[in-house]
Amino acid sequence: MSKVIPLSNPALNGTEMMYIQEAFDTNWVAPIGPNVDEFEKELAAYIGASHVAALSSGTAAIHLSLKALGISNGDIVFCSDMTFAATCNPIKYERATPVFIDSEPDSWNMCPEALELAFKKYPDVKAVIVVNLYGTPAKFDQITEICDRYNVPIIEDAAESLGSTFEGKQTGRFGYIGILSFNGNKIITTSGGGALICAHEDIIKKSKFWSTQSRDPARHYQHSELGYNYRMSNICAGIGRGQLNTLDLRVSQKTGIYSRYAALLGGNEFIRMNPVPSNCKANHWLSCLTLENGCPITAVEIMEQLEQERIETRPLWKPMSLQPFYADCDSVSVTTIPVCHDLFSRGMCLPSDVNMTASEQDRVCELINKLINR
C-alpha cells in the first residue's frame with residue numbers, strides 16, 4: 001500500500017526540544033515563563049512589530065482583539081466571507097453581528113469594492129476583520145485607505161500568512177491589531193497557540209491581563225473583570241522558539257511546492273493556481289487550484305479519486321455566508337454570484353507538506369491531469 005501524502009503536517013527541525021528540555025529542567029511548565037517572554041520578543045523582531053502577546057490560539061487572539069476595541073452586544077463587524085469559522089466565531093462570543101464581505105479574484109481575499117459598498121450600507125460598523133487567505137496578503141493599500149476614511153479599525157487575521165509580505169512589509173502589522181495562529185498545520189506550530197500583535201502597549205498589557213483570568217494585583221485572588229484562560233504555556237512557546245529558527249526555510253519550501261505545481265499543472269487549460277498579486281510575497285501555506293468552466297470533472301470528484309490513492313486534499317474554505325449557523329447574517333458582494341461562492345464550487349487545496357518528495361508531487365499532478373484529460 002502506498003504511503004499517505006498528507007495535506008500539511010507539522011515539520012519539526014530538532015531544535016524545539018532544547019527549549020522544551022530547558023522548561024522541564026527549570027520546572028517552567030505553567031502558562032508563563034522564559035520561553036513565553038522570549039518567543040514574544042523573537043516574534044516581534046521577525047515581524048517588525050512593537051509588541052506581541054502569546055496566547056493559546058488564534059481564536060483567542062481575535063476574541064481579545066474584539067474586546068480591546070470595545071465590541072459588544074449588537075455592534076456590526078465586517079469580516080471576510082471566505083475563511084475558517086474561527087475568524088468570525090469570536091464576533092458572536094461578544095454578541096455582536098457579523099456582516100460578510102465577498103472576495104475578489106486577484107487574491108481571493110476581501111474585495112475593496114464590496115467593502116466600500118458595505119460601509120455605505122452599514123455606516124456604524126465598529127471593526128473590519130481582514131483575512132490573508134492561504135498565505136496571500138489582502139489588498140491592504142486599498143482596504144486601509146477605505147477603513148481610514150471611515151475611521152474604523154482593522155483586525156488583520158494573519159493566521160495563515162506568517163512570513164508573507166505586502167509591499168515589503170510583514171503581514172500581521174497592517175491592522176490596528178494583528179493576529180497569528182500556530183495550529184498544527186500552519187507554516188510553524190506551537191502544537192496549539194496564537195499571538196496578538198499591536199503597536200499600542202496598553203492593549204498588549206490588557207490582553208495579557210484578560211488572558212490570565214483578569215487577576216487583579218492583590219495578595220489574594222481578586223477579579224474585577226471577566227477573564228479567560230488564554231495564555232500560551234511555556235512548553236508550547238518553547239516549540240515555537242524552535243520553529244522560528246526555520247520559518248524562512250519553510251516559506252522557501254512552500255514556495256517551491258507552489259512553483260512546481262504551477263509548472264506541472266500549468267499546461268492544463270482547465271487548471272488555475274491560486275493567484276498571488278505582484279506587490280506581495282505569499283508564504284504559500286497551502287497551494288490551491290480552481291477548475292475552469294467546461295472542465296469534464298468537478299473538484300469534488302478529483303478529491304474523491306485522490307482520496308482512494310491515499311492523497312489528502314481539502315475543499316477551499318466554505319464561505320461563512322453559506323454556513324447554516326450564519327444563515328441569518330448579511331453578506332455584501334458586487335457580483336450576482338459572490339466570487340467566494342464560485343471559488344468554493346470550483347476549488348481545492350493540494351498536498352502542501354514540506355516533507356513531500358518530488359516524486360510524490362509528480363504523482364499528484366499526474367493523477368490530476370489524467371483525471372481531467374481522460
# chains A, B, ... in the order shown; residues from 1 in each chain; ligands from 1
$ closest_atom_pairs --of "range 301-328 of chain A" --to "range 339-355 of chain A" --cutoff "8 Å" --atoms "only C-alpha atoms" --output "tab-separated table"
residue	atom	partner	partner_atom	distance
A:Met303	CA	A:Met348	CA	7.8
A:Ile311	CA	A:Pro351	CA	7.4
A:Glu312	CA	A:Pro351	CA	6.2
A:Thr313	CA	A:Leu350	CA	5.3
A:Arg314	CA	A:Cys349	CA	5.0
A:Pro315	CA	A:Met348	CA	4.4
A:Leu316	CA	A:Met348	CA	5.1
A:Trp317	CA	A:Phe344	CA	6.8
A:Lys318	CA	A:Phe344	CA	6.1
A:Pro319	CA	A:Cys340	CA	6.5
$ select_by_dssp --residues "range 216-325 of chain A" --states "strand (DSSP E)" --output "list in words"
Ile271, Arg272, Met273, Cys280, Lys281, Cys288, Leu289, Thr290, Leu291, Arg314 and Pro315 of chain A
$ write_last_selection --atoms "C-alpha atoms" --output "JSON list (two decimals), in the first residue's frame"
[["chain", "number", "residue", "atom", "x", "y", "z"],
["A", 271, "ILE", "CA", -6.49, 24.46, -14.10],
["A", 272, "ARG", "CA", -5.72, 27.80, -12.45],
["A", 273, "MET", "CA", -3.50, 28.04, -9.38],
["A", 280, "CYS", "CA", 3.19, 40.85, -2.36],
["A", 281, "LYS", "CA", 5.12, 37.76, -1.42],
["A", 288, "CYS", "CA", -4.70, 25.60, -4.22],
["A", 289, "LEU", "CA", -6.36, 25.44, -7.61],
["A", 290, "THR", "CA", -9.66, 26.13, -9.29],
["A", 291, "LEU", "CA", -11.10, 24.35, -12.30],
["A", 314, "ARG", "CA", -9.37, 19.66, 1.10],
["A", 315, "PRO", "CA", -12.10, 21.83, -0.38]]
$ closest_residue --among "A:Asn27, A:Thr87, A:Gln142, A:Thr189" --to "Glu113 in chain A" --atoms "only C-alpha atoms"
A:Gln142
$ residues_around --residues "Arg250 in chain A" --least-positions-apart "4" --cutoff "10 Å" --atoms "only C-alpha atoms" --output "PyMOL selection string"
chain A and resi 11+163+187-188+243-246+254-256+283-285+353-354
$ write_last_selection --atoms "N, CA and C atoms" --output "PDB file, in the first residue's frame"
ATOM      1  N   ALA A  11       6.160  20.271  10.796  1.00  0.00           N
ATOM      2  CA  ALA A  11       7.528  19.968  10.352  1.00  0.00           C
ATOM      3  C   ALA A  11       8.497  20.426  11.435  1.00  0.00           C
ATOM      4  N   GLY A 163       5.182  35.171   7.635  1.00  0.00           N
ATOM      5  CA  GLY A 163       6.271  35.073   6.666  1.00  0.00           C
ATOM      6  C   GLY A 163       5.938  35.687   5.317  1.00  0.00           C
ATOM      7  N   ILE A 187       2.303  27.113   9.040  1.00  0.00           N
ATOM      8  CA  ILE A 187       3.662  27.076   8.496  1.00  0.00           C
ATOM      9  C   ILE A 187       4.695  26.862   9.601  1.00  0.00           C
ATOM     10  N   ILE A 188       4.441  27.377  10.802  1.00  0.00           N
ATOM     11  CA  ILE A 188       5.148  26.926  12.005  1.00  0.00           C
ATOM     12  C   ILE A 188       4.096  26.669  13.068  1.00  0.00           C
ATOM     13  N   GLN A 243      10.689  26.453  16.252  1.00  0.00           N
ATOM     14  CA  GLN A 243      10.100  26.536  14.923  1.00  0.00           C
ATOM     15  C   GLN A 243      10.501  27.823  14.196  1.00  0.00           C
ATOM     16  N   LEU A 244      10.631  28.904  14.935  1.00  0.00           N
ATOM     17  CA  LEU A 244      11.024  30.168  14.317  1.00  0.00           C
ATOM     18  C   LEU A 244      12.389  30.082  13.641  1.00  0.00           C
ATOM     19  N   ASN A 245      13.230  29.181  14.130  1.00  0.00           N
ATOM     20  CA  ASN A 245      14.573  29.038  13.555  1.00  0.00           C
ATOM     21  C   ASN A 245      14.540  28.644  12.083  1.00  0.00           C
ATOM     22  N   THR A 246      13.470  27.989  11.666  1.00  0.00           N
ATOM     23  CA  THR A 246      13.397  27.544  10.266  1.00  0.00           C
ATOM     24  C   THR A 246      12.178  28.105   9.535  1.00  0.00           C
ATOM     25  N   LYS A 254       7.656  25.893   0.922  1.00  0.00           N
ATOM     26  CA  LYS A 254       6.261  26.006   0.481  1.00  0.00           C
ATOM     27  C   LYS A 254       6.180  26.713  -0.873  1.00  0.00           C
ATOM     28  N   THR A 255       7.028  27.710  -1.067  1.00  0.00           N
ATOM     29  CA  THR A 255       7.050  28.427  -2.342  1.00  0.00           C
ATOM     30  C   THR A 255       7.515  27.503  -3.465  1.00  0.00           C
ATOM     31  N   GLY A 256       8.486  26.654  -3.148  1.00  0.00           N
ATOM     32  CA  GLY A 256       8.950  25.679  -4.133  1.00  0.00           C
ATOM     33  C   GLY A 256       7.865  24.697  -4.526  1.00  0.00           C
ATOM     34  N   ASN A 283       3.496  33.268   1.578  1.00  0.00           N
ATOM     35  CA  ASN A 283       4.234  32.139   2.161  1.00  0.00           C
ATOM     36  C   ASN A 283       3.788  30.806   1.560  1.00  0.00           C
ATOM     37  N   HIS A 284       2.725  30.836   0.751  1.00  0.00           N
ATOM     38  CA  HIS A 284       2.205  29.641   0.084  1.00  0.00           C
ATOM     39  C   HIS A 284       1.939  28.511   1.087  1.00  0.00           C
ATOM     40  N   TRP A 285       1.309  28.885   2.211  1.00  0.00           N
ATOM     41  CA  TRP A 285       0.981  27.890   3.245  1.00  0.00           C
ATOM     42  C   TRP A 285       0.304  26.675   2.631  1.00  0.00           C
ATOM     43  N   ASP A 353       2.642  19.590   2.021  1.00  0.00           N
ATOM     44  CA  ASP A 353       3.526  19.213   3.126  1.00  0.00           C
ATOM     45  C   ASP A 353       4.989  19.392   2.714  1.00  0.00           C
ATOM     46  N   VAL A 354       5.798  20.023   3.578  1.00  0.00           N
ATOM     47  CA  VAL A 354       7.186  20.311   3.204  1.00  0.00           C
ATOM     48  C   VAL A 354       8.025  19.047   3.084  1.00  0.00           C
TER      49      VAL A 354
END
$ closest_residue --among "A:Ile204, A:Ala195, A:Ile297, A:Ile47" --to "Arg173 in chain A" --atoms "only C-alpha atoms"
A:Ile47
$ residues_around --residues "Asp330 in chain A" --least-positions-apart "2" --cutoff "10 Å" --atoms "only C-alpha atoms" --output "VMD selection string"
chain A and resid 78 97 to 101 118 321 326 to 328 332
$ write_last_selection --atoms "C-alpha atoms" --output "PDB file, in the first residue's frame"
ATOM      1  CA  PHE A  78     -17.332  43.290   8.837  1.00  0.00           C
ATOM      2  CA  THR A  97     -23.317  40.963  14.442  1.00  0.00           C
ATOM      3  CA  PRO A  98     -21.057  39.810  11.594  1.00  0.00           C
ATOM      4  CA  VAL A  99     -21.559  41.070   8.051  1.00  0.00           C
ATOM      5  CA  PHE A 100     -19.582  39.096   5.483  1.00  0.00           C
ATOM      6  CA  ILE A 101     -17.622  40.760   2.678  1.00  0.00           C
ATOM      7  CA  ALA A 118     -20.797  47.575   2.874  1.00  0.00           C
ATOM      8  CA  SER A 321     -22.462  33.148   4.161  1.00  0.00           C
ATOM      9  CA  TYR A 326     -24.620  32.187   9.900  1.00  0.00           C
ATOM     10  CA  ALA A 327     -27.635  31.852   7.590  1.00  0.00           C
ATOM     11  CA  ASP A 328     -29.334  34.903   9.108  1.00  0.00           C
ATOM     12  CA  VAL A 332     -22.098  42.003   0.613  1.00  0.00           C
TER      13      VAL A 332
END
$ closest_residue --among "A:Glu201, A:Asp248, A:Glu160, A:Asp106" --to "Gly184 in chain A" --atoms "only C-alpha atoms"
A:Glu160
$ residues_around --residues "range 143-153 of chain A" --least-positions-apart "2" --cutoff "8 Å" --atoms "only C-alpha atoms" --output "ChimeraX atom specification"
/A:112,115-116,119,125-128,139-141,155,174-176
$ residues_around --residues "Phe209 in chain A" --least-positions-apart "2" --cutoff "12 Å" --atoms "only C-alpha atoms" --output "JSON, numbers by chain"
{"A": [53, 55, 64, 68, 202, 203, 204, 205, 206, 207, 211, 212, 213, 214, 215, 216, 217, 223, 224, 225, 226, 227, 228, 229, 230, 231]}
$ residues_around --residues "Val131 in chain A" --least-positions-apart "2" --cutoff "12 Å" --atoms "only C-alpha atoms" --output "PyMOL selection string"
chain A and resi 62+78-88+100-103+107-111+128-129+133-140+143+154-161+171-172+174-175+178-180+317
$ select_by_dssp --residues "range 61-299 of chain A" --states "helix (DSSP H, G or I)" --output "NGL selection string"
:A and (61-68 or 85-87 or 89-93 or 112-121 or 133-135 or 140-149 or 201-211 or 234-244 or 247-265 or 299)
$ atom_distance --atom1 "CA of Gly168 in chain A" --atom2 "CA of Val77 in chain A"
28.3 Å
$ atom_distance --atom1 "CA of Gly70 in chain A" --atom2 "CA of Ala96 in chain A"
10.6 Å
$ atom_distance --atom1 "CA of Glu40 in chain A" --atom2 "CA of Ala54 in chain A"
6.2 Å
$ decode --residues "range 161-181 of chain A" --atoms "N, CA and C atoms" --output "short mmCIF file (atom, residue, chain, number, x, y, z; two decimals), in the first residue's frame"
data_model
loop_
_atom_site.label_atom_id
_atom_site.label_comp_id
_atom_site.auth_asym_id
_atom_site.auth_seq_id
_atom_site.Cartn_x
_atom_site.Cartn_y
_atom_site.Cartn_z
N SER A 161 -0.68 33.51 7.26
CA SER A 161 0.27 34.24 6.41
C SER A 161 1.57 34.66 7.09
N LEU A 162 1.93 34.05 8.20
CA LEU A 162 3.21 34.39 8.82
C LEU A 162 4.35 34.15 7.83
N GLY A 163 5.18 35.17 7.63
CA GLY A 163 6.27 35.07 6.67
C GLY A 163 5.94 35.69 5.32
N SER A 164 4.67 36.06 5.10
CA SER A 164 4.27 36.73 3.87
C SER A 164 4.47 38.23 4.02
N THR A 165 4.65 38.90 2.88
CA THR A 165 4.82 40.35 2.91
C THR A 165 3.92 41.01 1.87
N PHE A 166 3.52 42.24 2.19
CA PHE A 166 2.79 43.10 1.24
C PHE A 166 3.59 44.38 1.08
N GLU A 167 4.03 44.64 -0.14
CA GLU A 167 4.88 45.78 -0.44
C GLU A 167 6.07 45.85 0.52
N GLY A 168 6.64 44.67 0.79
CA GLY A 168 7.85 44.56 1.59
C GLY A 168 7.65 44.54 3.09
N LYS A 169 6.42 44.66 3.56
CA LYS A 169 6.13 44.70 4.99
C LYS A 169 5.47 43.40 5.43
N GLN A 170 5.95 42.84 6.54
CA GLN A 170 5.42 41.57 7.04
C GLN A 170 3.95 41.68 7.39
N THR A 171 3.18 40.64 7.03
CA THR A 171 1.78 40.62 7.44
C THR A 171 1.68 40.47 8.96
N GLY A 172 0.53 40.88 9.47
CA GLY A 172 0.34 40.94 10.92
C GLY A 172 0.44 42.35 11.45
N ARG A 173 0.93 43.28 10.60
CA ARG A 173 1.14 44.66 11.01
C ARG A 173 0.27 45.66 10.25
N PHE A 174 -0.67 45.18 9.45
CA PHE A 174 -1.46 46.09 8.63
C PHE A 174 -2.75 46.55 9.33
N GLY A 175 -3.10 45.93 10.40
CA GLY A 175 -4.28 46.34 11.14
C GLY A 175 -3.92 47.09 12.40
N TYR A 176 -4.93 47.66 13.04
CA TYR A 176 -4.73 48.24 14.37
C TYR A 176 -4.26 47.14 15.30
N ILE A 177 -4.81 45.94 15.08
CA ILE A 177 -4.39 44.73 15.78
C ILE A 177 -4.20 43.63 14.75
N GLY A 178 -3.16 42.82 14.91
CA GLY A 178 -2.96 41.65 14.06
C GLY A 178 -2.99 40.38 14.88
N ILE A 179 -3.35 39.28 14.23
CA ILE A 179 -3.37 38.00 14.94
C ILE A 179 -2.64 36.94 14.12
N LEU A 180 -2.04 35.99 14.84
CA LEU A 180 -1.36 34.85 14.24
C LEU A 180 -1.91 33.56 14.83
N SER A 181 -1.73 32.47 14.10
CA SER A 181 -2.07 31.14 14.60
C SER A 181 -0.88 30.21 14.43
#
